[in-house]
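Below is one structure; the comments refer to it alone.
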Amino acid sequence: MPAKNNILKVENLTKVYEVGLFKKKYITAVDNISFSISRGEIVSLVGESGSGKTTVAKIILRLLPPSSGRVLYKGEDIWEKKGIESLKAYWREVHAVFQDPFASFNPVYKIDRILEQAFNLMGTPVDENAVNEALKEVALLPNEVLGKYPHELSGGQRQRLMIARCFLLKPQLILADEPVSMVDASTRASIVNLFLRLRDEYKTSIIFITHDLGLAYFVSDRILIMYKGEIVEEGPPDELISSPRDDYTKKLLESVPLLYGKWKGF
Amino acid sequence: MDILKAENIRAYYDSPIGEVKAVQDVNITVEDGDFIGIAGESGCGKSTLANVLMMNIRPPLKFCGGKILLDGEEISGKDRRYVKEKFWGTVISLVPQAALNSLMPTKRIKEFIIDVIQAHKKISEKEILELAKNKIVEVGLPPEILSLYPHELSGGMRQRVVIVASAILNPKLLIADEPTSALDVSTQKQVLKMMVDLQRKQSIRSTILITHDIAIQRQVCNKLLIMYAGRVVEYGSIDDVIYNPKHPYTKGLINSVLTPEPEVRRRGLMALFIPGEPPNLVNPPPGCPFNPRCPFAMPRCKSETPELTYSDNRAVACWLYIL
């Protein structure tokens, strides 16, 4: 893949956490990982809890500094620039959608604020037409959500609202951390579809961070398997599923419940 | 004799905006050796049904009709405390949702087990510990865990302990509500394996596994019951329902399962869609509760509610299949 096509490049990224007050212990959450994502590509970072996948997401979002290694966005080290303005400029282009939108909504603010924050990031005044347009994109009716409080919306509606913000900002890269694990099966499809549309219409690159191999298999161009801070295997979904090479990938595939295949020994 | 037989049971929640019809005309029969999966989206009445089946009914939930035979005795309408003392633990046991998080952090596992058993049975501590030890060894766990505190155990281990505690008195029916939804896949598999083994060794005679994850039920269940808006919409052998779903809701639900299998990817994204949202159970739509979302809805579906109709061990509540 030509380097100029890369939108994001992660080089030898390592994060070591220091824990304990007197007796210090070091935990390597991310261990020397490298990967890159090209424009319009959908990549899934798959791992179980504690694999380090969320730490990777936090570093890419500039929420957490790495212990060593670099993250290059459009060729520039994201940790080199300092200051709130550069951070805002970065978040305009690299945007996050989290697992439980309820947790990221302040319950005392109305929903409108979520969308107004997008204009704040863009540094432009709130444009009602654009808001209505974005809500239409995610199949929400303005009078259904505007002026309401977070608890008045369903999980699916809240998640669609977060994606409406992406339609407003049109970021270059979306980091989606378990975006559908809180929504029901029948709502999941519409959420997944919105991500695919962002990619198709705006060539948005997307990183799905998930434990759900089924979701990753369904939506990704490429899957990275993470285990104990390392990327143990990567490849196109069909290849990875049909002929896994790494022992951990094999074990993971044996443990995932299937709809048609059956577990041995049960 | 059936272990459990429930006919036309109804249970509603009182709420300021009206009765929430959480369980509506549900029929279910559990035979010796059954491993029944109950599936459906959140808010369709699965967990409420579990509590109703063992008469664990406390306000605002109320029992509104129908008949439940447990081990041959009618328990429907009986006092909760009577059912608890006579049946809980020995005939029917429930592992509630998120039970692994309900362990008291300051109590050792053995104290938890003693508390659980003594809550409804008069058995001495010594006897309980003896039974607990045997059961723990039987499922292949180290007996030392009895002296540990919950924080010393992993999530999967805690969940296994909770399930073992529910199985100590060899209940004929164990109901497990989302026992693996908070666990990683490899741990999930171990917990399910233990449940299957408990039944194989006849510590438990039958199991009801409630989860929204049909792929899990596919691995361990012999029958599958699909709920929608408080009602049973389809019931049959697990293979039958998965390979040949009849009810439009079941079809949608099975199509929306995402597993790493080529068949699933081949279906494409459009197959994943079930339009609309589940109805409000205070004021469900007239007729079939699925009719506002159903691509096959006919005039009749909007006025008359189809009953669950059986033919050849298969049951569907849909006018498309009722002549």
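Residue numbering restarts at 1 for every chain of the structure tokens, chains are lettered A, B, ... in their displayed order, and ligands are numbered from 1 as they appear.
Using only C-alpha atoms, one finds that the residues of chain A close to chain B, at 7 Å or less, are Glu48, Ser49, Asp184, Ala185, Ser186, Ala189, Ser190, Leu213, Gly214, Leu215, Tyr217, Phe218, Ile241, Leu252, Ser255, Val256, Pro257, Leu258, Leu259, Lys262, Trp263 and Phe266 of chain A.
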Region 164-219 of chain A: which residues are helix (DSSP H, G or I) by DSSP, as an mmCIF file with C-alpha atoms, in the first residue's frame?
data_model
loop_
_atom_site.group_PDB
_atom_site.id
_atom_site.type_symbol
_atom_site.label_atom_id
_atom_site.label_comp_id
_atom_site.auth_asym_id
_atom_site.auth_seq_id
_atom_site.Cartn_x
_atom_site.Cartn_y
_atom_site.Cartn_z
ATOM 1 C CA ALA A 164 -25.374 12.392 13.524
ATOM 2 C CA ARG A 165 -22.506 14.384 14.963
ATOM 3 C CA CYS A 166 -20.181 12.542 12.585
ATOM 4 C CA PHE A 167 -22.443 13.529 9.689
ATOM 5 C CA LEU A 168 -22.103 17.167 10.819
ATOM 6 C CA LEU A 169 -18.339 17.056 11.241
ATOM 7 C CA ALA A 185 -30.073 -6.951 17.482
ATOM 8 C CA SER A 186 -32.738 -5.293 15.386
ATOM 9 C CA THR A 187 -31.315 -1.800 15.925
ATOM 10 C CA ARG A 188 -27.753 -2.946 15.336
ATOM 11 C CA ALA A 189 -28.155 -3.195 11.572
ATOM 12 C CA SER A 190 -29.211 0.419 11.195
ATOM 13 C CA ILE A 191 -26.235 1.603 13.243
ATOM 14 C CA VAL A 192 -23.768 -0.537 11.289
ATOM 15 C CA ASN A 193 -25.308 0.760 8.083
ATOM 16 C CA LEU A 194 -24.694 4.388 9.128
ATOM 17 C CA PHE A 195 -20.987 3.710 9.539
ATOM 18 C CA LEU A 196 -20.851 2.034 6.146
ATOM 19 C CA ARG A 197 -22.609 5.027 4.588
ATOM 20 C CA LEU A 198 -20.119 7.460 6.130
ATOM 21 C CA ARG A 199 -17.371 5.435 4.524
ATOM 22 C CA ASP A 200 -19.096 5.177 1.151
ATOM 23 C CA GLU A 201 -20.220 8.823 0.932
ATOM 24 C CA TYR A 202 -17.304 10.638 2.530
ATOM 25 C CA LEU A 213 -15.602 -11.031 16.049
ATOM 26 C CA GLY A 214 -18.939 -11.434 14.267
ATOM 27 C CA LEU A 215 -19.311 -7.681 13.849
ATOM 28 C CA ALA A 216 -15.659 -7.322 12.810
ATOM 29 C CA TYR A 217 -16.025 -10.090 10.253
ATOM 30 C CA PHE A 218 -19.126 -8.462 8.822
ATOM 31 C CA VAL A 219 -17.957 -4.865 8.442
#
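Taking CA of Ile68 (chain B) and CA of Leu53 (chain B) as endpoints, the distance between them is 7.1 Å.
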query = Could you pull the residues within 6 Å of Asp177 (chain A), counting only C-alpha atoms, minus those fewer than 5 positions along the same chain, as a PyMOL selection string?
reply = chain A and resi 98-99+209
